[in-house]
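A.B. asks: Could you have a look at this structure, given as structure tokens, before my questions?
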Amino acid sequence: MDNQGLDVGEYVDLMALLVDLRLRDEYRDGVVANFERIKAIAQLVNSFPLPDEIEVALVFEP
């Protein structure tokens with residue numbers, strides 16, 4: 001999924017509305033900034049290539 005065009009501020013506003021969260025104005029900028037960081041980290045994780053033949057493991061064994 002390509003989320004380069006994702007407007008994080010709009011996403012935060014819509015999700016707050018969806019879950020009926022009254023996000024006060026003084027906290028909104030911090031929430032948006034945190035979601036920008038989450039977006040960057042998720043992009044890094046989601047762009048990591050995995051082979052098609054990989055299977056899900058029920059138990060993690062390093």
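Convention: chains lettered A, B, ... in structure tokens order; per-chain residue numbering from 1; ligands numbered from 1 as shown.
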Running DSSP on the backbone, which parts of chain A land in alpha helix (DSSP H), as JSON, numbers by chain?

C.D. replies: {"A": [8, 9, 10, 11, 12, 13, 14, 15, 16, 17, 18, 25, 26, 27, 28, 29, 30, 31, 32, 33, 34, 35, 36, 37, 38, 39, 40, 41, 42, 43, 44, 45, 46]}

A.B. asks: Using only C-alpha atoms, which protein or nucleic acid residues come within 9 Å of segment 30-39 of chain A? Drop anything in the same chain fewer than 4 positions from it, and give the result as a ChimeraX atom specification.

C.D. replies: /A:3,8-9,11-12,26,43-44

A.B. asks: Interatomic distance between atom CA of Leu6 of chain A and atom CA of Pro51 of chain A?

C.D. replies: 27.4 Å
